[in-house]
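File shown: final-v8.txt. Contents: compact mmCIF, C-alpha atoms and all ligand atoms.
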# COMPACT_ATOMS: atom_id res chain seq x y z
CA MET A 1 134.10 82.78 98.17
CA SER A 2 135.28 84.04 101.58
CA LYS A 3 132.75 85.16 104.20
CA PRO A 4 131.52 88.79 104.32
CA LEU A 5 133.37 90.97 106.82
CA TYR A 6 130.19 92.01 108.64
CA LYS A 7 126.77 90.43 109.24
CA PHE A 8 123.63 91.96 107.68
CA PRO A 9 120.06 90.69 107.21
CA LYS A 10 119.45 88.92 103.87
CA ASP A 11 116.93 91.52 102.64
CA PHE A 12 119.15 94.52 103.50
CA LEU A 13 119.16 97.15 100.75
CA TRP A 14 122.58 98.26 99.51
CA GLY A 15 122.27 101.21 97.20
CA ALA A 16 123.89 104.19 95.57
CA SER A 17 122.25 107.58 95.24
CA THR A 18 122.10 110.37 92.66
CA SER A 19 119.91 113.41 92.08
CA SER A 20 118.62 114.69 88.76
CA HIS A 21 120.27 118.12 88.61
CA GLN A 22 123.58 116.83 89.92
CA VAL A 23 124.10 114.15 87.27
CA GLU A 24 121.59 114.26 84.42
CA GLY A 25 122.78 117.28 82.41
CA GLY A 26 120.67 119.71 80.39
CA THR A 27 118.30 120.67 83.20
CA TYR A 28 116.64 124.10 83.39
CA ASN A 29 115.56 125.05 86.91
CA GLN A 30 116.26 127.71 89.56
CA TRP A 31 119.77 126.31 90.07
CA THR A 32 120.63 126.53 86.36
CA VAL A 33 119.70 130.20 86.38
CA TRP A 34 121.61 130.92 89.61
CA GLU A 35 124.73 129.09 88.40
CA LEU A 36 124.98 131.15 85.23
CA GLU A 37 124.43 134.40 87.12
CA ASN A 38 126.90 133.55 89.89
CA ALA A 39 129.70 131.46 88.35
CA ALA A 40 132.11 134.39 87.91
CA HIS A 41 131.48 135.61 91.47
CA GLN A 42 131.91 132.12 92.94
CA ALA A 43 135.25 131.75 91.13
CA LYS A 44 136.46 135.20 92.22
CA THR A 45 135.62 134.61 95.88
CA ALA A 46 136.74 130.95 96.02
CA GLU A 47 139.95 131.62 97.92
CA ASP A 48 138.12 133.67 100.59
CA ARG A 49 135.72 130.81 101.15
CA LEU A 50 138.00 127.82 100.66
CA GLY A 51 141.58 129.04 101.04
CA TRP A 52 141.71 127.57 104.57
CA LEU A 53 141.31 124.00 103.30
CA PRO A 54 144.46 121.89 103.65
CA ASN A 55 143.96 120.75 100.03
CA TRP A 56 143.45 124.29 98.68
CA LYS A 57 146.50 123.98 96.37
CA ASP A 58 145.01 120.85 94.77
CA ILE A 59 141.64 122.43 94.09
CA ALA A 60 142.65 126.07 93.44
CA SER A 61 142.79 125.93 89.64
CA GLN A 62 139.32 124.35 89.43
CA ALA A 63 137.78 126.40 92.22
CA THR A 64 138.89 129.70 90.64
CA ASP A 65 137.57 128.76 87.19
CA PRO A 66 133.99 129.98 86.53
CA SER A 67 133.18 126.88 84.44
CA ASN A 68 133.53 124.80 87.63
CA TYR A 69 130.28 126.37 88.85
CA VAL A 70 128.07 125.44 85.90
CA SER A 71 126.28 122.08 85.88
CA GLY A 72 125.87 122.12 82.07
CA GLU A 73 125.92 118.61 80.63
CA ALA A 74 126.66 117.28 84.14
CA VAL A 75 127.75 113.64 83.66
CA ASP A 76 125.12 112.99 80.99
CA HIS A 77 123.27 110.46 83.13
CA TYR A 78 120.02 111.37 81.34
CA ASN A 79 121.37 109.59 78.24
CA ARG A 80 123.75 107.10 79.84
CA TYR A 81 121.56 105.76 82.60
CA LYS A 82 121.49 102.17 81.27
CA GLU A 83 125.29 101.99 81.26
CA ASP A 84 125.27 103.44 84.80
CA PHE A 85 122.72 100.87 85.99
CA ASP A 86 124.80 98.06 84.46
CA MET A 87 127.79 99.30 86.43
CA ALA A 88 125.76 99.66 89.65
CA LYS A 89 124.53 96.10 89.23
CA GLY A 90 128.07 94.96 88.47
CA LEU A 91 129.16 96.38 91.83
CA GLY A 92 126.74 94.08 93.63
CA LEU A 93 124.21 96.77 94.61
CA ASN A 94 120.53 95.89 94.88
CA ALA A 95 118.97 99.38 95.22
CA PHE A 96 119.25 102.75 93.53
CA ARG A 97 118.08 106.19 94.65
CA PHE A 98 117.36 108.96 92.13
CA SER A 99 115.17 112.02 91.78
CA ILE A 100 112.58 113.09 89.26
CA GLU A 101 113.33 116.50 87.77
CA TRP A 102 110.12 118.53 88.20
CA SER A 103 111.31 121.13 85.67
CA ARG A 104 111.44 118.44 82.97
CA ILE A 105 107.99 117.07 83.81
CA GLU A 106 106.27 120.48 84.04
CA PRO A 107 108.55 122.93 82.19
CA GLU A 108 105.73 125.48 82.04
CA GLU A 109 102.97 125.84 84.59
CA GLY A 110 100.31 123.20 83.92
CA LYS A 111 102.03 121.84 80.77
CA TRP A 112 103.17 118.27 81.17
CA ASP A 113 105.98 116.82 79.08
CA GLU A 114 104.85 113.31 78.14
CA ALA A 115 108.30 112.38 76.78
CA ALA A 116 109.91 113.23 80.12
CA ILE A 117 107.35 111.08 81.97
CA GLU A 118 108.06 108.21 79.54
CA HIS A 119 111.78 108.67 80.16
CA TYR A 120 111.37 108.08 83.88
CA ARG A 121 108.97 105.17 83.26
CA THR A 122 111.62 103.40 81.17
CA TYR A 123 114.28 104.44 83.68
CA ILE A 124 112.43 102.66 86.50
CA GLN A 125 111.78 99.59 84.35
CA GLU A 126 115.49 99.38 83.49
CA LEU A 127 116.37 99.51 87.20
CA LYS A 128 113.94 96.70 87.98
CA LYS A 129 115.19 94.56 85.09
CA ARG A 130 118.58 94.62 86.77
CA GLY A 131 117.27 93.79 90.23
CA LEU A 132 117.91 97.33 91.52
CA GLU A 133 115.11 98.43 93.88
CA PRO A 134 114.05 101.96 92.82
CA PHE A 135 114.09 104.50 95.64
CA LEU A 136 112.35 107.45 94.01
CA ASN A 137 112.80 110.96 95.31
CA LEU A 138 110.14 113.45 94.20
CA TRP A 139 112.18 116.56 94.99
CA HIS A 140 115.93 116.98 95.41
CA MET A 141 116.15 120.75 95.91
CA THR A 142 115.38 121.91 92.34
CA ASN A 143 112.31 123.88 91.25
CA PRO A 144 110.98 124.85 87.84
CA VAL A 145 111.80 128.51 87.13
CA TRP A 146 108.08 129.43 86.88
CA PHE A 147 107.53 128.03 90.40
CA GLU A 148 110.53 129.90 91.81
CA ASP A 149 109.27 133.10 90.15
CA LYS A 150 106.03 132.76 92.12
CA GLY A 151 108.06 132.74 95.35
CA GLY A 152 108.78 128.99 95.54
CA PHE A 153 108.34 127.33 98.93
CA MET A 154 108.31 130.69 100.74
CA GLU A 155 104.65 131.05 99.75
CA ARG A 156 102.06 128.77 101.30
CA LYS A 157 99.73 129.25 98.35
CA ASN A 158 102.34 127.58 96.10
CA ILE A 159 102.12 124.22 97.88
CA VAL A 160 99.29 123.17 95.55
CA TYR A 161 101.68 123.16 92.59
CA PHE A 162 103.93 120.63 94.27
CA LEU A 163 100.95 118.50 95.29
CA ARG A 164 99.75 118.44 91.68
CA PHE A 165 103.22 117.43 90.43
CA ALA A 166 103.55 114.70 93.08
CA ALA A 167 100.07 113.31 92.31
CA THR A 168 100.81 113.27 88.56
CA ILE A 169 104.05 111.36 89.03
CA MET A 170 102.45 108.82 91.32
CA GLU A 171 99.50 108.31 88.99
CA GLU A 172 101.92 107.63 86.14
CA LEU A 173 104.65 105.69 87.92
CA GLY A 174 103.29 104.62 91.31
CA SER A 175 102.44 101.07 90.28
CA GLU A 176 106.16 100.38 89.73
CA LEU A 177 107.34 101.52 93.17
CA ASN A 178 107.74 100.35 96.76
CA TYR A 179 109.65 103.32 98.23
CA VAL A 180 109.11 107.04 97.66
CA LEU A 181 110.87 109.94 99.33
CA ILE A 182 108.90 113.17 99.12
CA LEU A 183 111.60 115.74 99.95
CA ASN A 184 115.38 115.58 100.20
CA GLU A 185 116.99 117.60 103.00
CA PRO A 186 114.22 120.18 103.46
CA ASN A 187 116.04 121.35 106.62
CA ILE A 188 119.29 122.08 104.76
CA TYR A 189 117.53 123.61 101.76
CA ALA A 190 115.58 126.06 103.96
CA TRP A 191 118.78 127.01 105.80
CA PHE A 192 121.06 127.57 102.79
CA SER A 193 118.45 129.16 100.54
CA TYR A 194 116.75 131.44 103.08
CA LYS A 195 119.03 131.91 106.10
CA THR A 196 122.65 131.91 104.88
CA GLY A 197 121.83 132.86 101.30
CA GLU A 198 124.46 130.51 99.84
CA TRP A 199 121.90 128.83 97.57
CA PRO A 200 119.14 130.23 95.39
CA ALA A 201 116.53 131.89 96.43
CA PRO A 202 118.84 133.52 98.00
CA LYS A 203 117.61 135.27 101.16
CA HIS A 204 119.31 136.15 104.45
CA SER A 205 116.50 136.13 106.95
CA THR A 206 115.54 134.03 109.96
CA LEU A 207 111.90 134.80 109.27
CA ALA A 208 112.17 133.67 105.64
CA PHE A 209 113.93 130.51 106.81
CA ALA A 210 111.18 129.77 109.34
CA ARG A 211 108.46 130.37 106.75
CA ALA A 212 110.08 128.12 104.16
CA TYR A 213 110.77 125.43 106.77
CA LEU A 214 107.18 125.38 108.04
CA ASN A 215 105.85 125.34 104.49
CA LEU A 216 108.08 122.35 103.71
CA VAL A 217 106.68 120.55 106.77
CA SER A 218 103.20 121.17 105.28
CA VAL A 219 104.38 120.05 101.84
CA HIS A 220 105.54 116.77 103.33
CA ARG A 221 102.40 116.19 105.42
CA GLN A 222 99.92 117.11 102.70
CA THR A 223 101.76 115.16 100.00
CA TYR A 224 101.95 112.11 102.27
CA LYS A 225 98.24 112.15 103.01
CA ILE A 226 97.23 112.47 99.36
CA LEU A 227 99.71 109.92 98.02
CA LYS A 228 99.24 107.36 100.78
CA ALA A 229 95.46 107.34 100.27
CA SER A 230 95.85 106.39 96.62
CA ASN A 231 99.00 104.21 97.02
CA PRO A 232 98.57 102.38 100.35
CA LYS A 233 101.23 99.77 99.51
CA ILE A 234 104.02 102.27 98.90
CA GLN A 235 106.29 103.25 101.80
CA PHE A 236 106.69 107.04 102.01
CA SER A 237 109.06 109.33 103.90
CA SER A 238 111.35 112.34 103.39
CA ALA A 239 115.11 112.42 103.93
CA PRO A 240 116.34 115.23 106.20
CA GLN A 241 120.05 115.57 106.92
CA LEU A 242 120.48 114.41 110.52
CA VAL A 243 123.59 115.26 112.50
CA ILE A 244 124.71 114.19 115.97
CA ASN A 245 125.62 117.37 117.86
CA GLU A 246 127.75 116.90 120.96
CA PRO A 247 129.07 119.47 123.43
CA LYS A 248 132.72 120.15 122.63
CA ASP A 249 133.43 120.10 126.35
CA PRO A 250 130.87 117.71 127.88
CA LYS A 251 131.15 119.46 131.27
CA ASN A 252 130.53 122.96 129.95
CA LEU A 253 126.89 124.13 130.33
CA ILE A 254 127.02 126.50 127.36
CA HIS A 255 128.42 123.75 125.15
CA GLN A 256 125.70 121.40 126.38
CA LEU A 257 123.04 123.98 125.58
CA GLY A 258 124.53 124.46 122.10
CA ALA A 259 124.40 120.71 121.40
CA TRP A 260 120.89 120.29 122.85
CA SER A 261 119.44 123.15 120.81
CA ALA A 262 121.22 122.07 117.61
CA ASN A 263 119.86 118.53 117.99
CA ILE A 264 116.34 119.85 118.44
CA GLY A 265 116.57 122.43 115.65
CA ASN A 266 118.27 120.26 113.06
CA ASN A 267 116.97 116.78 113.84
CA TRP A 268 114.04 116.31 116.16
CA LEU A 269 111.87 119.24 115.04
CA TRP A 270 111.48 117.80 111.54
CA LEU A 271 110.84 114.27 112.80
CA TRP A 272 108.34 115.35 115.47
CA ALA A 273 106.47 117.53 112.97
CA THR A 274 106.22 114.81 110.33
CA HIS A 275 106.15 111.64 112.43
CA SER A 276 102.50 110.73 111.79
CA CYS A 277 103.16 111.06 108.05
CA ASN A 278 106.16 108.74 107.65
CA ASP A 279 106.18 104.99 106.95
CA PHE A 280 109.90 104.76 107.68
CA ILE A 281 112.72 107.04 108.78
CA ALA A 282 115.16 108.11 106.10
CA TYR A 283 118.18 110.31 106.71
CA ASN A 284 121.38 111.55 105.15
CA ASN A 285 124.49 111.62 107.32
CA TYR A 286 127.96 112.98 106.61
CA PHE A 287 129.53 114.30 109.81
CA LYS A 288 129.15 115.09 113.48
CA ASN A 289 129.31 118.53 115.13
CA TYR A 290 130.94 119.53 118.42
CA MET A 291 129.16 122.62 119.72
CA SER A 292 130.73 125.35 121.82
CA GLY A 293 127.69 127.63 122.10
CA LEU A 294 124.28 128.43 120.66
CA GLY A 295 124.73 127.83 116.93
CA THR A 296 128.51 127.84 117.31
CA LYS A 297 130.66 124.93 116.32
CA GLY A 298 133.87 124.31 118.20
CA ILE A 299 136.80 122.63 116.57
CA ASP A 300 135.07 119.51 115.44
CA ASN A 301 137.10 116.43 116.16
CA PRO A 302 140.79 116.81 115.45
CA LYS A 303 141.24 113.09 116.04
CA THR A 304 139.55 112.19 112.76
CA PRO A 305 140.65 113.25 109.25
CA LEU A 306 139.03 115.95 107.11
CA ASN A 307 137.38 115.14 103.81
CA ASP A 308 138.21 117.30 100.76
CA MET A 309 135.46 119.78 101.73
CA GLY A 310 136.81 120.25 105.25
CA TRP A 311 134.19 118.08 107.00
CA TYR A 312 135.49 115.97 109.89
CA MET A 313 134.84 112.35 109.06
CA GLU A 314 133.22 110.17 111.70
CA PRO A 315 131.84 107.18 109.82
CA ASP A 316 130.22 105.59 112.86
CA SER A 317 127.91 108.60 113.32
CA ALA A 318 125.25 107.19 110.94
CA ALA A 319 124.92 104.14 113.20
CA GLU A 320 124.98 106.29 116.33
CA MET A 321 122.10 108.29 114.86
CA ALA A 322 120.22 105.06 114.08
CA MET A 323 120.48 104.02 117.74
CA ALA A 324 119.14 107.41 118.85
CA LEU A 325 116.26 107.12 116.36
CA GLN A 326 115.45 103.60 117.46
CA LYS A 327 114.93 104.87 121.02
CA ARG A 328 112.66 107.73 119.99
CA PHE A 329 110.72 106.02 117.18
CA PRO A 330 110.88 102.29 117.98
CA ASP A 331 108.14 101.36 115.51
CA MET A 332 109.95 102.74 112.44
CA PRO A 333 112.25 100.97 109.98
CA ILE A 334 115.38 103.04 109.27
CA TYR A 335 117.12 103.70 105.96
CA ILE A 336 120.32 105.69 105.56
CA THR A 337 119.60 107.40 102.27
CA GLU A 338 122.96 109.20 101.90
CA SER A 339 126.41 108.77 103.39
CA GLY A 340 129.62 109.45 101.56
CA VAL A 341 132.89 111.27 101.32
CA ALA A 342 134.43 113.89 99.03
CA ASP A 343 137.76 112.22 98.32
CA ALA A 344 139.45 113.00 94.98
CA LYS A 345 142.52 110.91 95.85
CA ASP A 346 140.39 107.97 96.99
CA ALA A 347 142.44 107.83 100.17
CA ARG A 348 139.58 107.52 102.70
CA ARG A 349 136.54 106.06 100.89
CA GLN A 350 137.27 102.41 101.65
CA TRP A 351 137.87 103.24 105.31
CA TRP A 352 134.64 105.29 105.41
CA ILE A 353 132.54 102.49 103.94
CA GLU A 354 134.12 99.77 106.04
CA GLU A 355 133.72 101.75 109.28
CA ASN A 356 130.09 102.45 108.35
CA MET A 357 129.44 98.76 107.72
CA LYS A 358 131.09 97.77 110.98
CA ALA A 359 129.09 100.29 113.03
CA LEU A 360 125.80 99.57 111.25
CA SER A 361 126.09 95.82 111.69
CA GLN A 362 126.81 96.34 115.42
CA ALA A 363 123.81 98.67 115.72
CA ILE A 364 121.58 96.05 114.06
CA GLU A 365 122.86 93.46 116.51
CA GLN A 366 121.94 95.83 119.35
CA GLY A 367 118.37 96.07 118.05
CA ALA A 368 118.32 98.99 115.60
CA ASN A 369 115.87 98.25 112.78
CA ILE A 370 118.18 99.45 109.96
CA LYS A 371 116.99 98.20 106.57
CA GLY A 372 119.30 99.86 104.06
CA TYR A 373 122.42 101.91 103.35
CA ILE A 374 122.49 104.06 100.23
CA HIS A 375 125.87 105.57 99.43
CA TRP A 376 126.30 109.08 98.03
CA SER A 377 126.99 108.93 95.14
CA LEU A 378 127.14 106.46 92.28
CA LEU A 379 128.77 109.08 90.05
CA ASP A 380 130.98 112.11 90.50
CA ASN A 381 128.35 114.84 90.72
CA PHE A 382 127.75 118.58 90.51
CA GLU A 383 128.19 119.61 94.13
CA TRP A 384 125.83 122.62 94.30
CA GLN A 385 127.62 125.91 95.24
CA HIS A 386 131.01 124.13 95.11
CA GLY A 387 130.63 122.86 91.56
CA TRP A 388 132.74 120.04 90.18
CA TRP A 389 135.90 119.78 92.29
CA PRO A 390 134.46 117.67 95.15
CA LYS A 391 134.51 113.98 94.12
CA PHE A 392 131.90 111.79 95.77
CA GLY A 393 131.52 109.10 93.08
CA LEU A 394 131.92 105.38 93.47
CA LEU A 395 132.50 105.78 89.74
CA GLU A 396 135.00 108.44 88.71
CA VAL A 397 133.73 110.38 85.70
CA ASP A 398 136.17 112.00 83.27
CA ARG A 399 134.08 114.85 81.88
CA ALA A 400 136.92 115.89 79.56
CA LYS A 401 137.24 112.44 78.01
CA GLY A 402 133.85 111.36 76.75
CA MET A 403 132.36 111.14 80.27
CA LYS A 404 134.20 107.86 80.82
CA ARG A 405 133.15 106.08 84.03
CA THR A 406 135.78 104.14 86.02
CA PRO A 407 135.20 102.42 89.36
CA ARG A 408 137.57 103.79 92.02
CA LYS A 409 139.88 101.34 93.80
CA SER A 410 137.82 101.63 96.99
CA THR A 411 134.71 100.85 94.94
CA LEU A 412 136.21 97.61 93.66
CA TRP A 413 136.97 96.67 97.26
CA TRP A 414 133.36 97.44 98.28
CA ALA A 415 132.03 95.53 95.28
CA SER A 416 133.83 92.38 96.41
CA GLU A 417 132.15 92.73 99.84
CA LEU A 418 128.75 93.56 98.36
CA LYS A 419 128.75 90.57 96.09
CA LYS A 420 129.17 88.32 99.13
CA LEU A 421 126.28 90.08 100.87
CA THR A 422 123.80 90.42 98.01
CA GLY A 423 124.64 87.20 96.21
CA VAL A 424 125.64 88.89 92.96
CA ASP A 425 128.90 87.12 92.27
CA LYS A 426 129.77 88.24 88.76
CA ALA A 427 130.41 91.74 87.47
CA ARG A 428 128.71 92.36 84.12
C1 LIG B 501 122.70 116.33 99.39
C2 LIG B 501 123.41 116.01 98.11
C3 LIG B 501 124.87 116.47 98.21
C4 LIG B 501 125.53 115.71 99.34
C5 LIG B 501 127.01 116.03 99.56
C6 LIG B 501 123.51 116.13 100.63
O1 LIG B 501 123.43 117.29 101.40
O2 LIG B 501 121.45 115.68 99.44
O3 LIG B 501 122.73 116.62 97.07
O4 LIG B 501 125.55 116.31 97.01
O5 LIG B 501 124.88 115.99 100.55
O6 LIG B 501 127.18 117.35 99.95

Once you've parsed the file, please lay out its structure as structure tokens.
Amino acid sequence: MSKPLYKFPKDFLWGASTSSHQVEGGTYNQWTVWELENAAHQAKTAEDRLGWLPNWKDIASQATDPSNYVSGEAVDHYNRYKEDFDMAKGLGLNAFRFSIEWSRIEPEEGKWDEAAIEHYRTYIQELKKRGLEPFLNLWHMTNPVWFEDKGGFMERKNIVYFLRFAATIMEELGSELNYVLILNEPNIYAWFSYKTGEWPAPKHSTLAFARAYLNLVSVHRQTYKILKASNPKIQFSSAPQLVINEPKDPKNLIHQLGAWSANIGNNWLWLWATHSCNDFIAYNNYFKNYMSGLGTKGIDNPKTPLNDMGWYMEPDSAAEMAMALQKRFPDMPIYITESGVADAKDARRQWWIEENMKALSQAIEQGANIKGYIHWSLLDNFEWQHGWWPKFGLLEVDRAKGMKRTPRKSTLWWASELKKLTGVDKAR
């Protein structure tokens, strides 16, 4: 077998990520309700929101169809997870990130669904049987409807419900785990749900955003303290979305101020507020911003291509962020818990992954303590307010033809690299 393209430590974790609502199917939470109420509106207004995309013609028929905006059976991962784990293992991965769906575990306030808990227990055992390290996420942006009806994370008094859920899951499943993420992208959730109103709740208020954000900081800190005391061996963190913000014109003071404030607001605030309650740093990274004012993005970077959702792709930004983190938090191991590209034609995925690997291996050589890279996503997934047209999966899923999973060409390329790195040399 030829040598791997890039050097990585032997115990490096190579994973793929999913989240319950985006792949499982048959969930009933605040998103399910919002989707059904808003699908027709989303379809009707699609061109206003997305008509500027260079690939608009390719996505128009899906984006203007209300059924695109309903998660429904998703990709039936709840029933097909063993097949999906076999495929993940066959790709040479050694880690897998997933979330527990709170609305399945506690469908009514205080009523616990034993069968759902057993499901996730078996799920974790099946991962471990295949040598896939479980990276469990307690919350990936979905709430039971009863919790949302009480005001969700806007209300401080509701934090106890999340603490009770988290403690129950850890009591049941903790002994099987080494890594637990408490919250996924609390910063993005607070922004889209409470400031821009693009996601359920939905609210359009800076005050509501600030309240939800601060409550999520408390959720993280309180959950960490409780769970760490009873599970000292488990490594805990949360995964914000971190973005490098640069001034569009490095010499322009206003641009500099825009970048500085965006870096503080989006990145450092969360990490400063939660630092004493993290065992490692986890972050999701998809793009870089070029700021031309306070909260104003300039033209991003016309030198790099756009993904299908119109995000400029700069694959080395995850490593750049790792270097910045290493300086500020030198004692912390670093895991990239999401990085990926919406690419229906599979034209850029291989490039994205290879550039990421190149930049990460260089950053490790320069001293960054990066311990894992978890790609978003294993499967084509329900992409929140955009629905089904964005394609992030290492495995393409044909929802019209029996949910058939097929590795993309770029995935097969990555698998051949991964097998050299993780020592798995045979696809199942
Ligand atoms: C989220 C995922 C989402 C991905 C791509 C992240 O913001 O954690 O749920 O699918 O980005 O947009």

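Residues lying within 12 Å of Asn252 (chain A), counting only C-alpha atoms and ignoring same-chain neighbours fewer than 6 positions away, are Glu246, Gly258, Ala259, Met291, Ser292 and Gly293 of chain A.
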
Computed interatomic separation between CA of Ile264 (chain A) and CA of Lys157 (chain A) (Å):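 If I compute the distance from CA of Ile264 (chain A) to CA of Lys157 (chain A), I get 27.7 Å.
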
Non-local contacts of Thr168 (chain A) (12 Å; only C-alpha atoms; under 3 positions in same chain excluded) as a list in words: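 Near neighbours after the sequence-gap exclusion: Ile100, Trp102, Ile105, Glu106, Gly110, Lys111, Trp112, Asp113, Glu114, Ile117, Leu138, Tyr161, Phe162, Leu163, Arg164, Phe165, Glu171, Glu172, Leu173, Gly174, Thr223, Ile226, Leu227 and Ser230 of chain A.
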
Which residues of chain A come within 7 Å of ligand LIG 501 (chain B), and what is each one's closest atom pair and distance in Å (one decimal), counting only C-alpha atoms and all ligand atoms, sorted by chain and residue number, as a Markdown table?
| residue | atom | partner | partner_atom | distance |
| --- | --- | --- | --- | --- |
| A:Ser19 | CA | B:LIG501 | O3 | 6.6 |
| A:His140 | CA | B:LIG501 | O2 | 7.0 |
| A:Asn184 | CA | B:LIG501 | O2 | 6.1 |
| A:Glu185 | CA | B:LIG501 | O2 | 6.0 |
| A:Gln241 | CA | B:LIG501 | O1 | 6.7 |
| A:Asn284 | CA | B:LIG501 | C6 | 6.8 |
| A:Trp376 | CA | B:LIG501 | C4 | 6.8 |
| A:Glu383 | CA | B:LIG501 | O4 | 5.1 |
| A:Trp384 | CA | B:LIG501 | O4 | 6.9 |

Print the selection's residues with C-alpha atoms to a file, as a PDB file, in the frame of the given file.
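To be explicit, this is the file written out as part_32.pdb:
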ATOM      1  CA  SER A  19     119.910 113.410  92.080  1.00  0.00           C
ATOM      2  CA  HIS A 140     115.930 116.980  95.410  1.00  0.00           C
ATOM      3  CA  ASN A 184     115.380 115.580 100.200  1.00  0.00           C
ATOM      4  CA  GLU A 185     116.990 117.600 103.000  1.00  0.00           C
ATOM      5  CA  GLN A 241     120.050 115.570 106.920  1.00  0.00           C
ATOM      6  CA  ASN A 284     121.380 111.550 105.150  1.00  0.00           C
ATOM      7  CA  TRP A 376     126.300 109.080  98.030  1.00  0.00           C
ATOM      8  CA  GLU A 383     128.190 119.610  94.130  1.00  0.00           C
ATOM      9  CA  TRP A 384     125.830 122.620  94.300  1.00  0.00           C
TER      10      TRP A 384
END

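Using all atoms listed in the file, the shortest contact distance between Ser205 (chain A) and any of A:Ile370, A:Ala190, A:Ala273, A:Val219 is found at A:Ala190.
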
Long-range neighbours of region 414-425 of chain A as a VMD selection string, 12 Å cut-off, only C-alpha atoms, 2 positions minimum in chain: chain A and resid 1 to 16 87 to 95 130 to 132 349 to 357 373 375 394 to 395 407 to 412 427 to 428

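For the pair CA of Glu109 (chain A) and CA of Thr196 (chain A), the interatomic distance is 28.9 Å.
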
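Around region 268-270 of chain A, within 9 Å and counting all atoms listed in the file, the residues found are Pro186, Asn187, Val217, Pro240, Leu242, Asn263, Ile264, Gly265, Asn266, Trp272, Ala273, Thr274 and His275 of chain A, once anything fewer than 2 positions away on its own chain is removed.
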
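Counting all atoms listed in the file and comparing A:Ala46, A:Leu181, A:Leu306, A:Ala40, the residue that lies closest to Phe98 (chain A) is A:Leu181.
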
All residues 10 Å or closer to Met154 (chain A), all atoms listed in the file, same chain fewer than 4 positions away omitted, as a ChimeraX atom specification: /A:148,150,158-159,190,194,201,208-216

Reconstructed N, CA, C and O atoms for region 108-118 of chain A, given as a short mmCIF file (atom, residue, chain, number, x, y, z; two decimals), keeping the file's coordinate frame:
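Below is the file that was written, out22.cif:
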data_model
loop_
_atom_site.label_atom_id
_atom_site.label_comp_id
_atom_site.auth_asym_id
_atom_site.auth_seq_id
_atom_site.Cartn_x
_atom_site.Cartn_y
_atom_site.Cartn_z
N GLU A 108 106.53 124.26 81.88
CA GLU A 108 105.73 125.48 82.04
C GLU A 108 104.56 125.12 82.92
O GLU A 108 104.10 123.97 82.90
N GLU A 109 104.05 126.12 83.64
CA GLU A 109 102.97 125.84 84.59
C GLU A 109 101.81 125.11 83.91
O GLU A 109 101.27 125.58 82.90
N GLY A 110 101.48 123.94 84.43
CA GLY A 110 100.31 123.20 83.92
C GLY A 110 100.55 122.47 82.61
O GLY A 110 99.66 121.82 82.09
N LYS A 111 101.76 122.56 82.02
CA LYS A 111 102.03 121.84 80.77
C LYS A 111 102.95 120.66 81.07
O LYS A 111 104.08 120.84 81.51
N TRP A 112 102.45 119.48 80.80
CA TRP A 112 103.17 118.27 81.17
C TRP A 112 103.92 117.72 79.98
O TRP A 112 103.37 117.63 78.89
N ASP A 113 105.17 117.35 80.18
CA ASP A 113 105.98 116.82 79.08
C ASP A 113 105.89 115.28 79.10
O ASP A 113 106.53 114.63 79.93
N GLU A 114 105.10 114.76 78.18
CA GLU A 114 104.85 113.31 78.14
C GLU A 114 106.15 112.53 77.92
O GLU A 114 106.36 111.45 78.48
N ALA A 115 107.04 113.09 77.08
CA ALA A 115 108.30 112.38 76.78
C ALA A 115 109.15 112.25 78.04
O ALA A 115 109.79 111.21 78.28
N ALA A 116 109.13 113.29 78.87
CA ALA A 116 109.91 113.23 80.12
C ALA A 116 109.32 112.17 81.05
O ALA A 116 110.05 111.41 81.70
N ILE A 117 107.99 112.10 81.11
CA ILE A 117 107.35 111.08 81.97
C ILE A 117 107.73 109.69 81.45
O ILE A 117 108.10 108.79 82.23
N GLU A 118 107.68 109.52 80.12
CA GLU A 118 108.06 108.21 79.54
C GLU A 118 109.50 107.87 79.86
O GLU A 118 109.85 106.72 80.09
#
